[in-house]
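Encoded as structure tokens, the structure appears first; notes follow it.
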Amino acid sequence: MPRGRAPGFDATREQILEQAARLFAAKGYPGTSMNEVAEACEVSKPTLYHYVRDKHELLMQICESHVQSLASLVEDVREQGLAPEPHLRELIRRFVQEYGEAQYQHRVLTEDVKFLQDEDRARLLVTERQVVAAFADAVAAVRPELEAAKLHKPLTMLLFGMINWTFTWLRPDGDLSYEAMAPIVADLFFGGLGAVATTAAR
């Protein structure tokens, strides 16, 4: 019979991913050794390899876990059955806060994904595109004419431009928290969204 996982396996694995993400974010994927990861996790190197096959798999698990978390947020918001504008505002709020709580993982996803193998990047891209599509649908639900003008997706990418790179300038110990920043991002987007003219209107 195959041996089952020990109690606490998933919790320990999550701790390893958290510590590895912190190191990768600080030193970069190439500049971080598995010895450093094991030391940061306070486990032996053989124990570390009990949870991940190698450094590449560790990187993939960090990225995949983060992307799946974002996809889960989309589903959580969808299940609330909100009207179009509150729905999009809630998506923005949840994503800004998630990026604030998962800054290391998000930095790794944006900066170190290039070190993954092509098939792994392709697998992540499928989920990422689903997340972007959900936002684009939410934008189109607020202003349906933007979809006909093929502007809902470009506007979605502009929105992600605001959200995705917040971690590069918003300090966790600064005057403004991610929780406080979330409605500001939404207000800025909605304030500009109403001013966007379709090609026909122009």
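Residue names in the structure tokens use chain letters A, B, ... in the order shown, residue numbers from 1 in each chain, and ligand numbers from 1 in the order shown.
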List as a list in words the protein and nucleic acid residues near Ala180 of chain A, meaning an atom at most 10 Å away when only C-alpha atoms are counted, but skip any in the same chain fewer than 6 places from it. Arg93, Val96 and Gln97 of chain A
I need the chosen residues saved as a short mmCIF file (atom, residue, chain, number, x, y, z; two decimals), in the first residue's frame, with C-alpha atoms.
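Resulting contents of part.cif:
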data_model
loop_
_atom_site.label_atom_id
_atom_site.label_comp_id
_atom_site.auth_asym_id
_atom_site.auth_seq_id
_atom_site.Cartn_x
_atom_site.Cartn_y
_atom_site.Cartn_z
CA ARG A 93 -11.04 45.19 -3.50
CA VAL A 96 -5.72 44.58 -4.10
CA GLN A 97 -5.91 43.06 -0.63
#
Would you return as a PyMOL selection string the members of segment 91-199 of chain A that DSSP assigns to alpha helix (DSSP H) on this structure's backbone? chain A and resi 91-101+103-112+118-142+145-148+152-164+178-193
For the selection you just gave me, I'd like the residues written to a file as a tab-separated table (two decimals), in the first residue's frame, keeping C-alpha atoms.
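Below you can see part_6.tsv, which holds the result:
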chain	number	residue	atom	x	y	z
A	91	LEU	CA	-13.20	42.05	-7.46
A	92	ILE	CA	-10.89	45.06	-7.30
A	93	ARG	CA	-11.04	45.19	-3.50
A	94	ARG	CA	-10.31	41.50	-3.07
A	95	PHE	CA	-7.41	41.50	-5.55
A	96	VAL	CA	-5.72	44.58	-4.10
A	97	GLN	CA	-5.91	43.06	-0.63
A	98	GLU	CA	-4.74	39.66	-1.85
A	99	TYR	CA	-1.70	41.19	-3.49
A	100	GLY	CA	-0.97	43.00	-0.24
A	101	GLU	CA	-1.12	39.76	1.75
A	103	GLN	CA	3.44	40.28	-1.92
A	104	TYR	CA	6.28	37.75	-2.02
A	105	GLN	CA	4.29	35.28	-4.10
A	106	HIS	CA	3.13	38.01	-6.46
A	107	ARG	CA	6.66	39.32	-6.94
A	108	VAL	CA	7.85	35.79	-7.71
A	109	LEU	CA	5.02	35.31	-10.22
A	110	THR	CA	5.77	38.56	-12.03
A	111	GLU	CA	9.57	38.40	-11.95
A	112	ASP	CA	10.61	34.74	-11.83
A	118	ASP	CA	7.47	26.29	-21.27
A	119	GLU	CA	4.78	23.74	-20.43
A	120	ASP	CA	4.56	24.99	-16.84
A	121	ARG	CA	4.24	28.62	-17.95
A	122	ALA	CA	1.55	27.56	-20.41
A	123	ARG	CA	-0.41	25.85	-17.63
A	124	LEU	CA	-0.27	28.97	-15.48
A	125	LEU	CA	-1.28	31.12	-18.43
A	126	VAL	CA	-4.53	29.19	-18.85
A	127	THR	CA	-5.65	30.12	-15.34
A	128	GLU	CA	-4.35	33.68	-15.63
A	129	ARG	CA	-6.37	34.19	-18.81
A	130	GLN	CA	-9.49	32.89	-17.07
A	131	VAL	CA	-8.97	35.46	-14.32
A	132	VAL	CA	-8.48	38.29	-16.84
A	133	ALA	CA	-11.54	37.14	-18.78
A	134	ALA	CA	-13.64	37.28	-15.61
A	135	PHE	CA	-12.54	40.89	-15.03
A	136	ALA	CA	-13.22	41.77	-18.68
A	137	ASP	CA	-16.72	40.31	-18.39
A	138	ALA	CA	-17.24	42.36	-15.23
A	139	VAL	CA	-16.16	45.55	-17.03
A	140	ALA	CA	-18.50	44.75	-19.94
A	141	ALA	CA	-21.37	44.14	-17.52
A	142	VAL	CA	-20.97	47.69	-16.21
A	145	GLU	CA	-21.21	48.98	-25.24
A	146	LEU	CA	-17.49	48.66	-24.45
A	147	GLU	CA	-17.58	44.99	-25.42
A	148	ALA	CA	-19.10	45.81	-28.80
A	152	HIS	CA	-13.47	45.91	-22.37
A	153	LYS	CA	-10.29	43.81	-22.53
A	154	PRO	CA	-7.85	46.74	-23.02
A	155	LEU	CA	-9.53	48.53	-20.12
A	156	THR	CA	-9.15	45.39	-18.04
A	157	MET	CA	-5.43	45.31	-18.76
A	158	LEU	CA	-5.15	48.97	-17.73
A	159	LEU	CA	-6.93	48.06	-14.49
A	160	PHE	CA	-4.52	45.20	-13.86
A	161	GLY	CA	-1.69	47.62	-14.56
A	162	MET	CA	-2.82	49.58	-11.51
A	163	ILE	CA	-3.35	46.53	-9.33
A	164	ASN	CA	-0.43	44.30	-10.35
A	178	TYR	CA	-3.66	47.87	0.98
A	179	GLU	CA	-7.10	47.81	2.59
A	180	ALA	CA	-7.31	51.59	2.35
A	181	MET	CA	-5.89	51.58	-1.19
A	182	ALA	CA	-8.47	49.13	-2.60
A	183	PRO	CA	-11.45	51.54	-2.80
A	184	ILE	CA	-9.15	54.27	-4.16
A	185	VAL	CA	-8.20	52.01	-7.06
A	186	ALA	CA	-11.88	51.24	-7.66
A	187	ASP	CA	-12.89	54.91	-7.50
A	188	LEU	CA	-10.10	55.89	-9.89
A	189	PHE	CA	-11.09	53.20	-12.37
A	190	PHE	CA	-14.82	53.91	-12.20
A	191	GLY	CA	-14.23	57.65	-12.39
A	192	GLY	CA	-12.32	57.14	-15.62
A	193	LEU	CA	-14.50	54.31	-16.94
Expressed in Å, the length from atom CA of Ala71 of chain A to atom CA of Phe9 of chain A is 23.6 Å
